[in-house]
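**Student:** See input17.pdb below, with PDB, C-alpha atoms and all ligand atoms.
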```pdb
ATOM      1  CA  MET A 673      15.826 206.674  94.445  1.00  0.00           C
ATOM      2  CA  ALA A 674      18.545 206.612  91.806  1.00  0.00           C
ATOM      3  CA  THR A 675      18.106 204.734  88.561  1.00  0.00           C
ATOM      4  CA  VAL A 676      20.281 202.864  86.109  1.00  0.00           C
ATOM      5  CA  THR A 677      19.534 203.498  82.443  1.00  0.00           C
ATOM      6  CA  ILE A 678      20.803 200.821  80.092  1.00  0.00           C
ATOM      7  CA  LEU A 679      21.768 201.753  76.548  1.00  0.00           C
ATOM      8  CA  PRO A 680      21.135 201.065  73.737  1.00  0.00           C
ATOM      9  CA  SER A 681      17.667 199.831  74.809  1.00  0.00           C
ATOM     10  CA  GLY A 682      16.984 202.803  77.088  1.00  0.00           C
ATOM     11  CA  LYS A 683      15.521 200.523  79.751  1.00  0.00           C
ATOM     12  CA  THR A 684      15.629 202.026  83.247  1.00  0.00           C
ATOM     13  CA  ILE A 685      15.772 200.134  86.528  1.00  0.00           C
ATOM     14  CA  GLU A 686      16.035 201.217  90.144  1.00  0.00           C
ATOM     15  CA  ALA A 687      19.644 201.361  91.324  1.00  0.00           C
ATOM     16  CA  GLU A 688      20.168 199.136  94.317  1.00  0.00           C
ATOM     17  CA  VAL A 689      23.170 200.092  96.415  1.00  0.00           C
ATOM     18  CA  GLY A 690      25.524 197.147  96.876  1.00  0.00           C
ATOM     19  CA  LYS A 691      24.566 195.366  93.657  1.00  0.00           C
ATOM     20  CA  THR A 692      27.002 195.024  90.793  1.00  0.00           C
ATOM     21  CA  LEU A 693      26.206 196.490  87.406  1.00  0.00           C
ATOM     22  CA  LEU A 694      26.117 192.927  86.090  1.00  0.00           C
ATOM     23  CA  GLU A 695      23.438 191.961  88.632  1.00  0.00           C
ATOM     24  CA  THR A 696      21.546 195.131  87.760  1.00  0.00           C
ATOM     25  CA  VAL A 697      21.622 194.488  84.006  1.00  0.00           C
ATOM     26  CA  ILE A 698      20.417 190.908  84.480  1.00  0.00           C
ATOM     27  CA  ALA A 699      17.679 192.060  86.874  1.00  0.00           C
ATOM     28  CA  ALA A 700      16.514 194.450  84.157  1.00  0.00           C
ATOM     29  CA  GLY A 701      16.094 191.520  81.779  1.00  0.00           C
ATOM     30  CA  GLU A 702      18.935 192.584  79.522  1.00  0.00           C
ATOM     31  CA  LYS A 703      21.570 190.240  78.192  1.00  0.00           C
ATOM     32  CA  LEU A 704      25.214 190.714  79.119  1.00  0.00           C
ATOM     33  CA  LYS A 705      27.849 188.031  78.730  1.00  0.00           C
ATOM     34  CA  HIS A 706      29.601 186.985  81.921  1.00  0.00           C
ATOM     35  CA  GLU A 707      31.631 183.972  80.964  1.00  0.00           C
ATOM     36  CA  CYS A 708      33.727 183.745  84.127  1.00  0.00           C
ATOM     37  CA  ASP A 709      30.744 184.293  86.428  1.00  0.00           C
ATOM     38  CA  GLY A 710      32.036 187.547  87.800  1.00  0.00           C
ATOM     39  CA  ASN A 711      35.640 186.692  88.571  1.00  0.00           C
ATOM     40  CA  SER A 712      37.250 189.466  86.524  1.00  0.00           C
ATOM     41  CA  GLU A 713      38.897 186.871  84.282  1.00  0.00           C
ATOM     42  CA  CYS A 714      37.041 186.896  80.969  1.00  0.00           C
ATOM     43  CA  GLY A 715      36.308 190.553  80.181  1.00  0.00           C
ATOM     44  CA  SER A 716      33.038 189.599  78.491  1.00  0.00           C
ATOM     45  CA  CYS A 717      31.003 191.866  80.808  1.00  0.00           C
ATOM     46  CA  HIS A 718      32.804 195.000  79.634  1.00  0.00           C
ATOM     47  CA  LEU A 719      30.571 198.057  79.334  1.00  0.00           C
ATOM     48  CA  PHE A 720      30.837 201.826  79.422  1.00  0.00           C
ATOM     49  CA  VAL A 721      29.600 203.913  82.329  1.00  0.00           C
ATOM     50  CA  GLN A 722      28.406 206.980  80.431  1.00  0.00           C
ATOM     51  CA  ALA A 723      27.047 208.934  83.397  1.00  0.00           C
ATOM     52  CA  GLY A 724      26.915 208.720  87.167  1.00  0.00           C
ATOM     53  CA  ARG A 725      30.421 207.414  87.722  1.00  0.00           C
ATOM     54  CA  LYS A 726      30.416 208.808  91.255  1.00  0.00           C
ATOM     55  CA  SER A 727      27.718 206.278  92.094  1.00  0.00           C
ATOM     56  CA  VAL A 728      29.883 203.373  90.987  1.00  0.00           C
ATOM     57  CA  SER A 729      32.683 201.793  93.031  1.00  0.00           C
ATOM     58  CA  ARG A 730      36.251 202.614  92.055  1.00  0.00           C
ATOM     59  CA  ILE A 731      38.289 200.277  89.898  1.00  0.00           C
ATOM     60  CA  GLN A 732      40.252 197.824  92.012  1.00  0.00           C
ATOM     61  CA  PRO A 733      43.572 196.224  90.926  1.00  0.00           C
ATOM     62  CA  ILE A 734      41.977 192.924  89.852  1.00  0.00           C
ATOM     63  CA  GLU A 735      39.666 194.770  87.420  1.00  0.00           C
ATOM     64  CA  ASN A 736      42.418 197.074  86.237  1.00  0.00           C
ATOM     65  CA  GLN A 737      44.673 194.141  85.435  1.00  0.00           C
ATOM     66  CA  LYS A 738      42.001 192.563  83.235  1.00  0.00           C
ATOM     67  CA  LEU A 739      41.108 195.829  81.481  1.00  0.00           C
ATOM     68  CA  ASP A 740      44.796 196.307  80.674  1.00  0.00           C
ATOM     69  CA  THR A 741      44.765 193.129  78.600  1.00  0.00           C
ATOM     70  CA  MET A 742      41.721 194.093  76.532  1.00  0.00           C
ATOM     71  CA  VAL A 743      41.222 196.159  73.384  1.00  0.00           C
ATOM     72  CA  GLY A 744      38.609 198.866  72.891  1.00  0.00           C
ATOM     73  CA  ILE A 745      39.004 200.112  76.430  1.00  0.00           C
ATOM     74  CA  GLY A 746      38.348 203.749  77.270  1.00  0.00           C
ATOM     75  CA  SER A 747      38.145 205.957  80.331  1.00  0.00           C
ATOM     76  CA  LYS A 748      34.500 204.929  80.800  1.00  0.00           C
ATOM     77  CA  SER A 749      35.212 201.200  80.613  1.00  0.00           C
ATOM     78  CA  ARG A 750      34.208 198.949  83.490  1.00  0.00           C
ATOM     79  CA  LEU A 751      33.758 195.267  84.061  1.00  0.00           C
ATOM     80  CA  ALA A 752      30.109 195.011  85.080  1.00  0.00           C
ATOM     81  CA  CYS A 753      30.846 192.169  87.484  1.00  0.00           C
ATOM     82  CA  GLN A 754      33.303 194.306  89.442  1.00  0.00           C
ATOM     83  CA  ALA A 755      31.555 197.687  89.405  1.00  0.00           C
ATOM     84  CA  ARG A 756      29.201 198.070  92.333  1.00  0.00           C
ATOM     85  CA  ILE A 757      26.532 200.706  92.906  1.00  0.00           C
ATOM     86  CA  ILE A 758      27.555 202.824  95.875  1.00  0.00           C
ATOM     87  CA  GLY A 759      25.777 206.157  95.499  1.00  0.00           C
ATOM     88  CA  ASP A 760      22.468 207.812  94.746  1.00  0.00           C
ATOM     89  CA  GLU A 761      23.311 209.614  91.512  1.00  0.00           C
ATOM     90  CA  ASP A 762      21.545 208.293  88.404  1.00  0.00           C
ATOM     91  CA  ILE A 763      23.747 206.005  86.307  1.00  0.00           C
ATOM     92  CA  THR A 764      23.754 205.444  82.551  1.00  0.00           C
ATOM     93  CA  ILE A 765      25.571 202.432  81.164  1.00  0.00           C
ATOM     94  CA  GLU A 766      26.121 201.336  77.587  1.00  0.00           C
ATOM     95  CA  LEU A 767      26.258 197.674  76.646  1.00  0.00           C
ATOM     96  CA  LEU A 768      28.653 196.921  73.838  1.00  0.00           C
ATOM     97  CA  GLY A 769      27.373 193.604  72.538  1.00  0.00           C
ATOM     98  CA  PHE A 770      29.566 191.761  70.085  1.00  0.00           C
ATOM     99  CA  ALA A 771      32.167 194.542  70.070  1.00  0.00           C
ATOM    100  CA  SER A 772      32.956 194.129  73.722  1.00  0.00           C
ATOM    101  CA  GLY A 773      36.198 193.127  75.205  1.00  0.00           C
ATOM    102  CA  PHE A 774      38.175 191.307  72.561  1.00  0.00           C
TER     103      PHE A 774
HETATM  104  S1  LIG A 801      32.087 188.170  84.090  1.00  0.00           S
HETATM  105 FE1  LIG A 801      34.117 187.757  83.515  1.00  0.00          FE
HETATM  106  S2  LIG A 801      35.123 189.611  83.829  1.00  0.00           S
HETATM  107 FE2  LIG A 801      33.089 190.060  84.428  1.00  0.00          FE
END
```
Since I need it in another form, could you write the structure as structure tokens?
**Tutor:**
Amino acid sequence: MATVTILPSGKTIEAEVGKTLLETVIAAGEKLKHECDGNSECGSCHLFVQAGRKSVSRIQPIENQKLDTMVGIGSKSRLACQARIIGDEDITIELLGFASGF
């Protein structure tokens, strides 16, 4: 079974195919802002997928459009509410806290 490791805490949780990274982070007991409740409108759930990108769904236009409006975005950037676990490779994500999204 694949896992999701959440940085900077290092907490690891089982990766459940079909769940979003946002749902996974919350299930792990970590805090991650999600001000628009997962509608790809606020950008507050921005994180970096540091490893295991093949196990995460591809960026769709609605997510891309939001990322385009944000600062501090890199090639590993995802909106946790839009990125879904689809594979069985271990995933490492990095939460950005106050520095995220704006
Ligand atoms: S919760 Fe708003 S963009 Fe993800």
**Student:** So how far away is CA of Asp709 (chain A) from CA of Val721 (chain A), in Å?
**Tutor:** 20.1 Å
**Student:** Give me the residues within 8 Å of Glu707 (chain A) as an MDAnalysis selection string, counting all atoms listed in the file and dropping any in the same chain fewer than 4 places off.
**Tutor:** chainID A and resid 714 716:717
**Student:** Under the rule that only C-alpha atoms are counted, which of A:Gln722, A:Ile763, A:Met673, A:Gly715 is the nearest residue to Leu739 (chain A)?
**Tutor:**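 Of the candidates, the smallest distance to Leu739 (chain A) is held by A:Gly715.
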**Student:** Show me which residues are within 10 Å of ligand LIG 801 (chain A) counting only C-alpha atoms and all ligand atoms, and format the list as JSON, numbers by chain.
**Tutor:** {"A": [693, 694, 704, 705, 706, 707, 708, 709, 710, 711, 712, 713, 714, 715, 716, 717, 718, 719, 734, 735, 738, 739, 750, 751, 752, 753, 754, 755, 773]}
**Student:** Got a sec to resolve the PyMOL selection byres (((chain A and resi 683) around 12) and not hetatm) on this structure and send the residues as number ranges by chain?
**Tutor:** A: 675-682, 684-686, 696-702, 763-767
**Student:** Would you mind reading off the distance between CA of Gln737 (chain A) and CA of Ala687 (chain A), one decimal, in Å?
**Tutor:**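 According to the coordinates, CA of Gln737 (chain A) and CA of Ala687 (chain A) are separated by 26.7 Å.
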**Student:** To one decimal place in Å, what is the distance between CA of Ser747 (chain A) and CA of Ser727 (chain A)?
**Tutor:** 15.7 Å
**Student:** Could you list, as JSON, numbers by chain, every residue within 6 Å of Ile757 (chain A), counting all atoms listed in the file and ignoring same-chain residues fewer than 3 positions away?
**Tutor:** {"A": [689, 690, 691, 727, 728]}
**Student:** Please save C-alpha atoms of the selected residues as a compact mmCIF listing (two decimals), in the frame of the given file.
**Tutor:**
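Below you can see again-v6.txt, which holds the result:
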```txt
# COMPACT_ATOMS: atom_id res chain seq x y z
CA VAL A 689 23.17 200.09 96.42
CA GLY A 690 25.52 197.15 96.88
CA LYS A 691 24.57 195.37 93.66
CA SER A 727 27.72 206.28 92.09
CA VAL A 728 29.88 203.37 90.99
```
